[in-house]
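Novice: Quick one, structure.cif (mmCIF, C-alpha atoms and all ligand atoms):
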```cif
data_data
loop_
_atom_site.group_PDB
_atom_site.id
_atom_site.type_symbol
_atom_site.label_atom_id
_atom_site.label_comp_id
_atom_site.auth_asym_id
_atom_site.auth_seq_id
_atom_site.Cartn_x
_atom_site.Cartn_y
_atom_site.Cartn_z
ATOM 1 C CA MET Y 286 33.524 -86.796 48.366
ATOM 2 C CA VAL Y 287 32.416 -86.194 44.808
ATOM 3 C CA CYS Y 288 31.947 -82.547 44.024
ATOM 4 C CA GLY Y 289 31.088 -81.158 40.601
ATOM 5 C CA GLY Y 290 31.939 -84.501 39.004
ATOM 6 C CA LEU Y 291 35.540 -84.963 40.226
ATOM 7 C CA PRO Y 292 36.683 -86.084 43.668
ATOM 8 C CA ALA Y 293 38.241 -83.202 45.635
ATOM 9 C CA VAL Y 294 41.320 -85.317 46.385
ATOM 10 C CA PHE Y 295 41.876 -85.814 42.667
ATOM 11 C CA LEU Y 296 41.488 -82.089 42.017
ATOM 12 C CA LEU Y 297 44.055 -81.364 44.734
ATOM 13 C CA PHE Y 298 46.446 -83.888 43.185
ATOM 14 C CA LEU Y 299 45.895 -82.311 39.755
ATOM 15 C CA GLN Y 300 46.577 -78.813 41.114
ATOM 16 C CA ARG Y 301 49.789 -79.963 42.820
ATOM 17 C CA PHE Y 302 50.896 -81.714 39.644
ATOM 18 C CA VAL Y 303 50.323 -78.570 37.569
ATOM 19 C CA LEU Y 304 52.189 -76.401 40.078
ATOM 20 C CA ILE Y 305 55.196 -78.717 40.249
ATOM 21 C CA HIS Y 306 55.238 -79.182 36.487
ATOM 22 C CA GLY Y 307 54.859 -75.412 36.037
ATOM 23 C CA SER Y 308 57.768 -74.583 38.324
ATOM 24 C CA THR Y 309 60.026 -76.999 36.433
ATOM 25 C CA LEU Y 310 59.169 -75.328 33.145
ATOM 26 C CA ILE Y 311 59.932 -71.905 34.518
ATOM 27 C CA ARG Y 312 63.294 -72.901 35.937
ATOM 28 C CA GLU Y 313 64.312 -74.599 32.700
ATOM 29 C CA ASP Y 314 63.110 -71.985 30.261
ATOM 30 C CA THR Y 315 63.689 -68.638 31.889
ATOM 31 C CA PRO Y 316 66.338 -67.114 34.121
ATOM 32 C CA GLY Y 317 65.166 -66.754 37.719
ATOM 33 C CA SER Y 318 65.941 -63.038 37.693
ATOM 34 C CA GLU Y 319 63.047 -62.422 35.315
ATOM 35 C CA MET Y 320 60.630 -63.639 37.958
ATOM 36 C CA SER Y 321 61.618 -60.920 40.385
ATOM 37 C CA VAL Y 322 60.781 -58.070 38.045
ATOM 38 C CA MET Y 323 57.784 -59.419 36.212
ATOM 39 C CA GLU Y 324 54.304 -57.997 36.402
ATOM 40 C CA PHE Y 325 51.314 -60.292 36.391
ATOM 41 C CA GLY Y 326 49.165 -60.819 33.319
ATOM 42 C CA TYR Y 327 46.320 -62.969 32.012
ATOM 43 C CA ASP Y 328 47.788 -64.644 28.911
ATOM 44 C CA PRO Y 329 47.331 -68.343 29.811
ATOM 45 C CA ASN Y 330 50.452 -69.311 27.845
ATOM 46 C CA SER Y 331 52.739 -66.689 29.374
ATOM 47 C CA ILE Y 332 54.955 -66.990 32.430
ATOM 48 C CA LYS Y 333 53.044 -63.947 33.707
ATOM 49 C CA GLY Y 334 49.732 -65.800 33.373
ATOM 50 C CA PRO Y 335 47.493 -66.847 36.287
ATOM 51 C CA ARG Y 336 48.835 -70.403 36.364
ATOM 52 C CA TYR Y 337 52.258 -69.092 37.447
ATOM 53 C CA TRP Y 338 51.247 -66.279 39.798
ATOM 54 C CA ASN Y 339 52.060 -68.521 42.770
ATOM 55 C CA MET Y 340 55.736 -68.602 41.711
ATOM 56 C CA LYS Y 341 56.173 -64.989 42.706
ATOM 57 C CA TRP Y 342 53.240 -64.662 45.104
ATOM 58 C CA PRO Y 343 52.985 -67.955 47.050
ATOM 59 C CA SER Y 344 49.624 -67.046 48.548
ATOM 60 C CA CYS Y 345 48.107 -67.298 45.030
ATOM 61 C CA GLY Y 346 48.636 -71.066 45.424
ATOM 62 C CA PHE Y 347 46.969 -71.315 48.838
ATOM 63 C CA SER Y 348 43.531 -72.776 49.459
ATOM 64 C CA ARG Y 349 40.399 -70.595 49.803
ATOM 65 C CA GLN Y 350 41.248 -68.610 46.683
ATOM 66 C CA SER Y 351 38.852 -66.575 44.531
ATOM 67 C CA PRO Y 352 37.008 -66.509 42.219
ATOM 68 C CA ILE Y 353 34.741 -69.527 42.658
ATOM 69 C CA ASP Y 354 31.829 -71.030 40.819
ATOM 70 C CA ILE Y 355 28.754 -70.685 42.992
ATOM 71 C CA ASN Y 356 27.005 -74.016 42.657
ATOM 72 C CA THR Y 357 23.614 -73.149 44.109
ATOM 73 C CA THR Y 358 23.008 -76.761 45.149
ATOM 74 C CA TYR Y 359 25.623 -76.342 47.893
ATOM 75 C CA VAL Y 360 24.608 -72.872 49.142
ATOM 76 C CA THR Y 361 23.156 -72.395 52.643
ATOM 77 C CA TYR Y 362 19.980 -70.355 52.121
ATOM 78 C CA GLY Y 363 17.976 -67.937 54.213
ATOM 79 C CA ARG Y 364 20.589 -66.296 56.454
ATOM 80 C CA PRO Y 365 19.172 -63.061 57.911
ATOM 81 C CA TYR Y 366 21.748 -60.654 56.439
ATOM 82 C CA GLU Y 367 20.701 -57.230 55.198
ATOM 83 C CA ILE Y 368 23.355 -54.861 53.892
ATOM 84 C CA ARG Y 369 22.744 -51.114 53.564
ATOM 85 C CA TYR Y 370 24.557 -48.024 52.343
ATOM 86 C CA ASN Y 371 24.237 -44.433 53.518
ATOM 87 C CA GLN Y 372 23.412 -41.505 51.173
ATOM 88 C CA GLU Y 373 22.465 -43.621 48.184
ATOM 89 C CA ASN Y 374 21.165 -40.694 46.114
ATOM 90 C CA GLN Y 375 24.408 -38.775 45.900
ATOM 91 C CA ASP Y 376 27.125 -38.649 43.282
ATOM 92 C CA LEU Y 377 30.618 -38.925 44.713
ATOM 93 C CA PRO Y 378 33.748 -37.312 43.240
ATOM 94 C CA GLY Y 379 36.722 -39.457 42.364
ATOM 95 C CA ASN Y 380 39.523 -40.273 39.954
ATOM 96 C CA LEU Y 381 39.364 -42.846 37.183
ATOM 97 C CA ILE Y 382 42.646 -44.556 36.299
ATOM 98 C CA ASN Y 383 43.926 -47.348 34.082
ATOM 99 C CA ASN Y 384 46.415 -49.461 36.080
ATOM 100 C CA GLY Y 385 47.335 -51.627 33.087
ATOM 101 C CA HIS Y 386 45.052 -54.472 34.236
ATOM 102 C CA THR Y 387 41.718 -52.702 34.477
ATOM 103 C CA THR Y 388 40.134 -49.309 34.953
ATOM 104 C CA ALA Y 389 39.444 -48.331 38.566
ATOM 105 C CA PHE Y 390 37.552 -45.429 40.106
ATOM 106 C CA TYR Y 391 38.980 -44.219 43.434
ATOM 107 C CA PHE Y 392 36.548 -42.207 45.550
ATOM 108 C CA GLU Y 393 38.063 -38.945 46.756
ATOM 109 C CA GLU Y 394 36.161 -38.800 50.004
ATOM 110 C CA LYS Y 395 35.450 -42.086 51.669
ATOM 111 C CA ALA Y 396 31.888 -40.962 52.340
ATOM 112 C CA ARG Y 397 29.849 -43.975 51.223
ATOM 113 C CA TYR Y 398 29.737 -46.751 53.761
ATOM 114 C CA LEU Y 399 28.267 -50.204 53.936
ATOM 115 C CA TYR Y 400 26.868 -51.747 57.101
ATOM 116 C CA GLY Y 401 25.101 -54.915 58.194
ATOM 117 C CA VAL Y 402 27.884 -56.994 56.658
ATOM 118 C CA PRO Y 403 27.909 -60.756 57.424
ATOM 119 C CA GLY Y 404 30.456 -61.533 60.138
ATOM 120 C CA SER Y 405 30.923 -57.844 61.066
ATOM 121 C CA PRO Y 406 27.379 -56.492 61.508
ATOM 122 C CA LYS Y 407 28.422 -53.591 63.742
ATOM 123 C CA ASP Y 408 31.313 -52.307 61.616
ATOM 124 C CA LYS Y 409 31.231 -49.636 58.913
ATOM 125 C CA PHE Y 410 33.004 -50.420 55.636
ATOM 126 C CA LEU Y 411 34.065 -47.396 53.583
ATOM 127 C CA LEU Y 412 33.924 -47.622 49.801
ATOM 128 C CA ASN Y 413 37.464 -47.030 48.541
ATOM 129 C CA GLU Y 414 37.356 -47.966 44.856
ATOM 130 C CA LEU Y 415 35.532 -49.923 42.215
ATOM 131 C CA HIS Y 416 36.920 -51.644 39.122
ATOM 132 C CA PHE Y 417 35.821 -53.880 36.267
ATOM 133 C CA HIS Y 418 36.648 -57.374 34.969
ATOM 134 C CA PHE Y 419 35.835 -58.163 31.349
ATOM 135 C CA GLY Y 420 36.801 -60.325 28.371
ATOM 136 C CA ASN Y 421 36.811 -60.119 24.610
ATOM 137 C CA ASP Y 422 33.320 -61.442 24.045
ATOM 138 C CA ARG Y 423 29.905 -61.073 25.574
ATOM 139 C CA ILE Y 424 29.937 -64.540 27.112
ATOM 140 C CA HIS Y 425 32.879 -64.545 29.527
ATOM 141 C CA GLY Y 426 34.277 -61.511 31.331
ATOM 142 C CA SER Y 427 33.215 -62.082 34.925
ATOM 143 C CA GLU Y 428 35.465 -63.815 37.431
ATOM 144 C CA HIS Y 429 32.779 -65.552 39.480
ATOM 145 C CA SER Y 430 30.160 -67.725 37.872
ATOM 146 C CA ILE Y 431 26.774 -69.015 38.991
ATOM 147 C CA ASN Y 432 26.194 -72.699 38.212
ATOM 148 C CA GLY Y 433 28.884 -72.424 35.542
ATOM 149 C CA GLN Y 434 27.373 -69.338 33.884
ATOM 150 C CA PHE Y 435 29.630 -66.313 33.353
ATOM 151 C CA PHE Y 436 28.623 -62.727 32.555
ATOM 152 C CA PRO Y 437 30.179 -60.096 30.218
ATOM 153 C CA ILE Y 438 31.417 -57.834 33.031
ATOM 154 C CA GLU Y 439 31.877 -58.075 36.802
ATOM 155 C CA VAL Y 440 32.212 -54.936 38.928
ATOM 156 C CA HIS Y 441 34.103 -55.163 42.212
ATOM 157 C CA MET Y 442 33.393 -52.516 44.822
ATOM 158 C CA VAL Y 443 36.147 -52.650 47.426
ATOM 159 C CA HIS Y 444 35.426 -51.444 50.969
ATOM 160 C CA TYR Y 445 37.650 -51.294 54.031
ATOM 161 C CA ASN Y 446 36.734 -51.480 57.701
ATOM 162 C CA SER Y 447 36.618 -47.914 59.096
ATOM 163 C CA LYS Y 448 38.090 -49.049 62.405
ATOM 164 C CA TYR Y 449 41.458 -49.521 60.659
ATOM 165 C CA ARG Y 450 41.387 -45.971 59.211
ATOM 166 C CA GLN Y 451 43.456 -46.806 56.087
ATOM 167 C CA PRO Y 452 42.839 -49.346 53.302
ATOM 168 C CA ARG Y 453 46.453 -50.526 53.513
ATOM 169 C CA ILE Y 454 46.179 -51.415 57.203
ATOM 170 C CA ALA Y 455 42.706 -52.920 56.756
ATOM 171 C CA SER Y 456 44.005 -55.145 53.941
ATOM 172 C CA MET Y 457 46.209 -56.955 56.470
ATOM 173 C CA MET Y 458 43.318 -57.744 58.834
ATOM 174 C CA PRO Y 459 40.963 -60.740 58.743
ATOM 175 C CA ASP Y 460 37.907 -58.450 58.981
ATOM 176 C CA GLY Y 461 39.395 -55.590 56.981
ATOM 177 C CA ILE Y 462 38.063 -55.832 53.417
ATOM 178 C CA ILE Y 463 34.634 -56.440 51.866
ATOM 179 C CA ALA Y 464 34.250 -56.774 48.109
ATOM 180 C CA VAL Y 465 30.759 -56.350 46.690
ATOM 181 C CA SER Y 466 30.449 -57.895 43.251
ATOM 182 C CA VAL Y 467 27.831 -57.107 40.600
ATOM 183 C CA PHE Y 468 27.460 -58.859 37.243
ATOM 184 C CA LEU Y 469 26.690 -56.606 34.265
ATOM 185 C CA ARG Y 470 24.811 -57.751 31.185
ATOM 186 C CA ILE Y 471 24.602 -55.939 27.849
ATOM 187 C CA ARG Y 472 21.278 -54.545 26.642
ATOM 188 C CA SER Y 473 19.915 -52.379 23.896
ATOM 189 C CA GLY Y 474 18.085 -49.154 24.635
ATOM 190 C CA PRO Y 475 18.863 -45.565 25.569
ATOM 191 C CA PRO Y 476 21.938 -44.810 27.705
ATOM 192 C CA ASN Y 477 21.526 -44.417 31.436
ATOM 193 C CA HIS Y 478 23.727 -42.513 33.897
ATOM 194 C CA VAL Y 479 26.264 -45.354 34.188
ATOM 195 C CA ASP Y 480 26.509 -45.721 30.386
ATOM 196 C CA THR Y 481 27.223 -42.007 30.076
ATOM 197 C CA PHE Y 482 29.877 -42.186 32.807
ATOM 198 C CA ILE Y 483 31.597 -45.115 31.055
ATOM 199 C CA LYS Y 484 31.369 -43.716 27.516
ATOM 200 C CA THR Y 485 32.598 -40.297 28.582
ATOM 201 C CA ASN Y 486 35.446 -41.276 30.868
ATOM 202 C CA ILE Y 487 36.843 -44.708 29.998
ATOM 203 C CA PRO Y 488 38.147 -43.659 26.532
ATOM 204 C CA ARG Y 489 40.125 -40.944 28.323
ATOM 205 C CA VAL Y 490 42.116 -43.534 30.294
ATOM 206 C CA LYS Y 491 42.665 -45.879 27.351
ATOM 207 C CA ASP Y 492 46.413 -45.707 27.884
ATOM 208 C CA PRO Y 493 47.770 -46.492 31.387
ATOM 209 C CA LYS Y 494 50.487 -43.875 30.928
ATOM 210 C CA GLY Y 495 47.862 -41.099 30.784
ATOM 211 C CA LYS Y 496 46.607 -38.966 33.652
ATOM 212 C CA ALA Y 497 43.779 -39.866 36.020
ATOM 213 C CA VAL Y 498 40.415 -38.412 35.005
ATOM 214 C CA LYS Y 499 38.300 -36.552 37.563
ATOM 215 C CA ALA Y 500 34.617 -37.498 37.483
ATOM 216 C CA ASP Y 501 31.516 -38.014 39.626
ATOM 217 C CA LEU Y 502 29.715 -41.307 40.068
ATOM 218 C CA ASN Y 503 26.913 -42.605 42.232
ATOM 219 C CA PRO Y 504 28.055 -46.203 42.886
ATOM 220 C CA SER Y 505 24.548 -47.253 43.909
ATOM 221 C CA LEU Y 506 23.544 -47.003 40.238
ATOM 222 C CA LEU Y 507 25.743 -50.035 39.661
ATOM 223 C CA LEU Y 508 23.968 -52.052 42.352
ATOM 224 C CA PRO Y 509 20.839 -54.090 41.661
ATOM 225 C CA PHE Y 510 17.557 -52.845 43.108
ATOM 226 C CA LYS Y 511 17.003 -56.105 44.959
ATOM 227 C CA ARG Y 512 19.864 -56.799 47.344
ATOM 228 C CA ASP Y 513 19.793 -60.590 47.434
ATOM 229 C CA PHE Y 514 23.312 -61.952 47.602
ATOM 230 C CA TYR Y 515 25.656 -64.891 48.116
ATOM 231 C CA THR Y 516 28.547 -64.467 50.536
ATOM 232 C CA TYR Y 517 31.735 -66.394 51.283
ATOM 233 C CA ARG Y 518 35.265 -65.832 52.537
ATOM 234 C CA GLY Y 519 37.955 -65.896 49.861
ATOM 235 C CA SER Y 520 40.885 -63.996 48.450
ATOM 236 C CA VAL Y 521 41.757 -60.977 46.372
ATOM 237 C CA SER Y 522 41.603 -62.195 42.761
ATOM 238 C CA VAL Y 523 44.864 -60.512 41.703
ATOM 239 C CA PRO Y 524 48.370 -60.961 43.142
ATOM 240 C CA PRO Y 525 49.313 -61.180 45.932
ATOM 241 C CA CYS Y 526 45.932 -63.017 46.309
ATOM 242 C CA LYS Y 527 45.623 -62.436 50.073
ATOM 243 C CA ASN Y 528 43.123 -64.776 51.711
ATOM 244 C CA ASN Y 529 41.222 -62.307 53.844
ATOM 245 C CA ILE Y 530 38.296 -60.988 51.826
ATOM 246 C CA ARG Y 531 34.609 -61.327 52.538
ATOM 247 C CA TRP Y 532 32.845 -61.500 49.161
ATOM 248 C CA ILE Y 533 29.271 -60.359 48.672
ATOM 249 C CA ILE Y 534 28.081 -61.472 45.235
ATOM 250 C CA MET Y 535 24.809 -59.866 44.172
ATOM 251 C CA LYS Y 536 22.308 -62.320 42.747
ATOM 252 C CA GLU Y 537 20.532 -59.819 40.468
ATOM 253 C CA THR Y 538 22.452 -58.258 37.586
ATOM 254 C CA ARG Y 539 22.575 -54.723 36.148
ATOM 255 C CA ASP Y 540 22.706 -53.756 32.473
ATOM 256 C CA ILE Y 541 24.930 -51.518 30.413
ATOM 257 C CA SER Y 542 24.563 -50.536 26.761
ATOM 258 C CA ILE Y 543 26.588 -52.123 23.986
ATOM 259 C CA PHE Y 544 28.203 -48.720 23.387
ATOM 260 C CA ALA Y 545 29.395 -48.527 26.988
ATOM 261 C CA TYR Y 546 30.590 -52.136 26.823
ATOM 262 C CA ARG Y 547 32.729 -51.353 23.775
ATOM 263 C CA ALA Y 548 34.600 -48.672 25.739
ATOM 264 C CA PHE Y 549 36.174 -51.441 27.874
ATOM 265 C CA LEU Y 550 37.525 -53.096 24.739
ATOM 266 C CA THR Y 551 39.729 -50.063 24.006
ATOM 267 C CA LEU Y 552 41.704 -50.201 27.285
ATOM 268 C CA LYS Y 553 45.405 -51.039 26.977
ATOM 269 C CA THR Y 554 48.000 -52.710 29.184
ATOM 270 C CA LYS Y 555 51.352 -51.089 30.061
ATOM 271 C CA GLU Y 556 52.871 -53.037 27.155
ATOM 272 C CA GLY Y 557 50.371 -51.446 24.758
ATOM 273 C CA GLU Y 558 48.276 -54.577 24.252
ATOM 274 C CA ILE Y 559 44.489 -54.496 24.411
ATOM 275 C CA ILE Y 560 43.489 -55.744 27.904
ATOM 276 C CA SER Y 561 40.455 -57.578 26.555
ATOM 277 C CA LYS Y 562 42.655 -59.743 24.274
ATOM 278 C CA TYR Y 563 43.055 -62.229 27.137
ATOM 279 C CA GLY Y 564 40.513 -60.569 29.416
ATOM 280 C CA ASN Y 565 41.304 -59.653 32.987
ATOM 281 C CA PHE Y 566 39.452 -62.425 34.790
ATOM 282 C CA ARG Y 567 41.286 -64.988 36.893
ATOM 283 C CA PRO Y 568 40.159 -68.568 36.172
ATOM 284 C CA ILE Y 569 37.791 -70.235 38.625
ATOM 285 C CA GLN Y 570 39.777 -71.530 41.620
ATOM 286 C CA ASP Y 571 37.205 -73.647 43.360
ATOM 287 C CA SER Y 572 33.558 -74.611 43.538
ATOM 288 C CA SER Y 573 31.163 -73.603 46.279
ATOM 289 C CA CYS Y 574 30.652 -77.271 47.072
ATOM 290 C CA ASN Y 575 34.049 -77.108 48.818
ATOM 291 C CA ARG Y 576 33.343 -73.806 50.589
ATOM 292 C CA LEU Y 577 30.828 -72.290 52.962
ATOM 293 C CA VAL Y 578 28.675 -70.092 50.728
ATOM 294 C CA GLU Y 579 25.604 -68.514 52.307
ATOM 295 C CA ALA Y 580 22.682 -66.635 50.753
ATOM 296 C CA ASN Y 581 20.474 -64.028 52.430
ATOM 297 C CA PHE Y 582 17.399 -65.206 50.529
ATOM 298 C CA MET Y 583 15.313 -68.361 50.358
ATOM 299 C CA TYR Y 584 15.913 -70.662 47.418
HETATM 300 ZN ZN ZN Y 601 38.523 -57.315 41.040
#
```
Would you mind writing the structure in this file as structure tokens?
Specialist:
Amino acid sequence: MVCGGLPAVFLLFLQRFVLIHGSTLIREDTPGSEMSVMEFGYDPNSIKGPRYWNMKWPSCGFSRQSPIDINTTYVTYGRPYEIRYNQENQDLPGNLINNGHTTAFYFEEKARYLYGVPGSPKDKFLLNELHFHFGNDRIHGSEHSINGQFFPIEVHMVHYNSKYRQPRIASMMPDGIIAVSVFLRIRSGPPNHVDTFIKTNIPRVKDPKGKAVKADLNPSLLLPFKRDFYTYRGSVSVPPCKNNIRWIIMKETRDISIFAYRAFLTLKTKEGEIISKYGNFRPIQDSSCNRLVEANFMY
């Protein structure tokens, strides 16, 4: 079957070839002991880079990985899914951190929940944290793409199934984790609530060795007004790349100001490098023509 221009069998062969070739390079050039202590990174030419994640975390080399390019030609349209949140008007307290790969906001009380989720319509998914993926230019920072188009920033809101009580336990279950993804564009104009949150707090976690910053955020202000989305089953996009996530990718985007965007460019890794130098987006792993991707709207 031809998909996106190249036969899937050829792509599989190519991937295998790269993995085998990659493992040979690593064994020849670096002592094996380094692999056991290394952190992951995004420099494409480094042994820590995404191409080699599968050497330490084998599941990063499995099928059904994320992110994917959503080729809208292959999407199944018009599924009757409608997701909702409770208490959408309220700010929630939490702690903003820099983990050396991104900045993440962990909600103190798991009070915001999502329901009506595809595949688990009766379950409640509690919002645990949200974090950001970005690059060093305004063209590519998102992990997912739509018909090959990337966006400057992608927000991931990570929820866990309340029936498992703890995110750690839920992360081991096939119906445990939902990630809602929103693409952010950059616009001119006066700052809104989200811009103020970013500009005020992100510079305070520039260095990952610093303390967490307490703040309040209404996560619904990061969601588009129209809740049309694409959904598919994939993986976490960072090691160990577990294959048990339901992704909900919002079709509409939100905007942030250029001043807020620049705050992301100041964040540093644990080694003191600027995160945006290589970005913190994993390369596309697959196309939606190989996966079941559904949309809750008509094309
Ligand atoms: Zn993410």
Novice: Between Y:Asp513, Y:Glu558, Y:Asp376, Y:Asp408, which one has atoms that come closest to Glu579 in chain Y, using only C-alpha atoms?
Specialist: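 Checking each candidate against Glu579 in chain Y, we get Y:Asp513 as the closest.
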Novice: Which residues are close to Leu502 in chain Y, i.e. within 8 Å by all atoms listed in the file, leaving aside same-chain residues fewer than 2 positions away? Reply as a PyMOL selection string.
Specialist: chain Y and resi 376-379+479+482+500+504
Novice: Store the residues picked out above in a file with C-alpha atoms, as a PDB file, in the coordinates of the input.
Specialist:
```
ATOM      1  CA  ASP Y 376      27.125 -38.649  43.282  1.00  0.00           C
ATOM      2  CA  LEU Y 377      30.618 -38.925  44.713  1.00  0.00           C
ATOM      3  CA  PRO Y 378      33.748 -37.312  43.240  1.00  0.00           C
ATOM      4  CA  GLY Y 379      36.722 -39.457  42.364  1.00  0.00           C
ATOM      5  CA  VAL Y 479      26.264 -45.354  34.188  1.00  0.00           C
ATOM      6  CA  PHE Y 482      29.877 -42.186  32.807  1.00  0.00           C
ATOM      7  CA  ALA Y 500      34.617 -37.498  37.483  1.00  0.00           C
ATOM      8  CA  PRO Y 504      28.055 -46.203  42.886  1.00  0.00           C
TER       9      PRO Y 504
END
```
Novice: Rank nothing, just name the residue among Y:Ile541, Y:Tyr362, Y:Gly420, Y:Thr357 nearest to Ser561 in chain Y, using all atoms listed in the file.
Specialist: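 Distance minimum relative to Ser561 in chain Y lands on Y:Gly420.
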Novice: Exactly which residues make up the result of the PyMOL selection byres (((chain Y and resi 505) around 12) and not hetatm) on this file, given as a VMD selection string?
Specialist: chain Y and resid 369 to 377 397 to 399 412 415 440 442 465 467 478 to 479 502 to 504 506 to 512 539
Novice: Take the PyMOL selection byres (((chain Y and resi 423) around 6) and not hetatm), run it mentally on this structure, and tell me the resulting residues as an mmCIF file with C-alpha atoms, in the coordinates of the input.
Specialist:
```
data_model
loop_
_atom_site.group_PDB
_atom_site.id
_atom_site.type_symbol
_atom_site.label_atom_id
_atom_site.label_comp_id
_atom_site.auth_asym_id
_atom_site.auth_seq_id
_atom_site.Cartn_x
_atom_site.Cartn_y
_atom_site.Cartn_z
ATOM 1 C CA ASP Y 422 33.320 -61.442 24.045
ATOM 2 C CA ILE Y 424 29.937 -64.540 27.112
ATOM 3 C CA PRO Y 437 30.179 -60.096 30.218
#
```
Novice: Do you have the CA of Pro476 in chain Y-CA of Ala548 in chain Y distance handy?
Specialist: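 Between CA of Pro476 in chain Y and CA of Ala548 in chain Y the gap works out to 13.4 Å.
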Novice: Please check which residues have atoms at most 8 Å from (25.9, -49.1, 29.1) in the file's coordinates, counting only C-alpha atoms, and write them as a ChimeraX atom specification.
Specialist: /Y:471-472,476-477,479-481,483-484,540-546
Novice: For the residues in the current selection, export C-alpha atoms as a PDB file, keeping the file's coordinate frame.
Specialist:
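For reference, selection-v7.pdb as written:
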```
ATOM      1  CA  ILE Y 471      24.602 -55.939  27.849  1.00  0.00           C
ATOM      2  CA  ARG Y 472      21.278 -54.545  26.642  1.00  0.00           C
ATOM      3  CA  PRO Y 476      21.938 -44.810  27.705  1.00  0.00           C
ATOM      4  CA  ASN Y 477      21.526 -44.417  31.436  1.00  0.00           C
ATOM      5  CA  VAL Y 479      26.264 -45.354  34.188  1.00  0.00           C
ATOM      6  CA  ASP Y 480      26.509 -45.721  30.386  1.00  0.00           C
ATOM      7  CA  THR Y 481      27.223 -42.007  30.076  1.00  0.00           C
ATOM      8  CA  ILE Y 483      31.597 -45.115  31.055  1.00  0.00           C
ATOM      9  CA  LYS Y 484      31.369 -43.716  27.516  1.00  0.00           C
ATOM     10  CA  ASP Y 540      22.706 -53.756  32.473  1.00  0.00           C
ATOM     11  CA  ILE Y 541      24.930 -51.518  30.413  1.00  0.00           C
ATOM     12  CA  SER Y 542      24.563 -50.536  26.761  1.00  0.00           C
ATOM     13  CA  ILE Y 543      26.588 -52.123  23.986  1.00  0.00           C
ATOM     14  CA  PHE Y 544      28.203 -48.720  23.387  1.00  0.00           C
ATOM     15  CA  ALA Y 545      29.395 -48.527  26.988  1.00  0.00           C
ATOM     16  CA  TYR Y 546      30.590 -52.136  26.823  1.00  0.00           C
TER      17      TYR Y 546
END
```
Novice: Could I get the residue neighbourhood of ligand ZN 601 (chain Y) at 10 Å, counting all atoms listed in the file, as an NGL selection string?
Specialist: :Y and (351-352 or 386-387 or 389 or 415-418 or 427-428 or 439-443 or 464-466 or 521-523 or 565-567)
Novice: Would you please work out which residue, of Y:Ile382, Y:Asn528, Y:Lys555, Y:Gly461, is nearest to Lys496 in chain Y when using all atoms listed in the file?
Specialist: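 Of the candidates, the smallest distance to Lys496 in chain Y is held by Y:Ile382.
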Novice: Using all atoms listed in the file, which protein or nucleic acid residues come within 7 Å of Gln350 in chain Y? Drop anything in the same chain fewer than 4 positions from it, and give the result as a PyMOL selection string.
Specialist: chain Y and resi 519-520+528+570
Novice: Using all atoms listed in the file, which of the listed residues (Y:Pro365, Y:Gly385, Y:Pro335, Y:Pro452) sits closest to Val402 in chain Y?
Specialist: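 Looking at the shortest contact to Val402 in chain Y, the residue is Y:Pro365.
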Novice: Grab the CA of Tyr366 in chain Y to CA of Pro403 in chain Y distance for me, in Å with one decimal place.
Specialist: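 That distance, rounded to one decimal, is 6.2 Å.
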Novice: Can you find the residues with an atom no farther than 9 Å from (49.1, -63.8, 34.6), counting all atoms listed in the file, and report them as an MDAnalysis selection string?
Specialist: chainID Y and resid 324:338 523 565 567
Novice: Report, in Å with one decimal, the straight-line distance from CA of Asn446 in chain Y to CA of Ile530 in chain Y.
Specialist: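 It comes out at 11.3 Å.
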Novice: Which of these residues is nearest to Val578 in chain Y, using all atoms listed in the file: Y:Val498, Y:Met458, Y:Leu411, Y:Ile534?
Specialist: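 Looking only at the distances to Val578 in chain Y, the closest residue turns out to be Y:Ile534.
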Novice: Y:Lys494, Y:Lys409, Y:His444, Y:His425: which is nearest Gly564 in chain Y, counting all atoms listed in the file?
Specialist: Y:His425
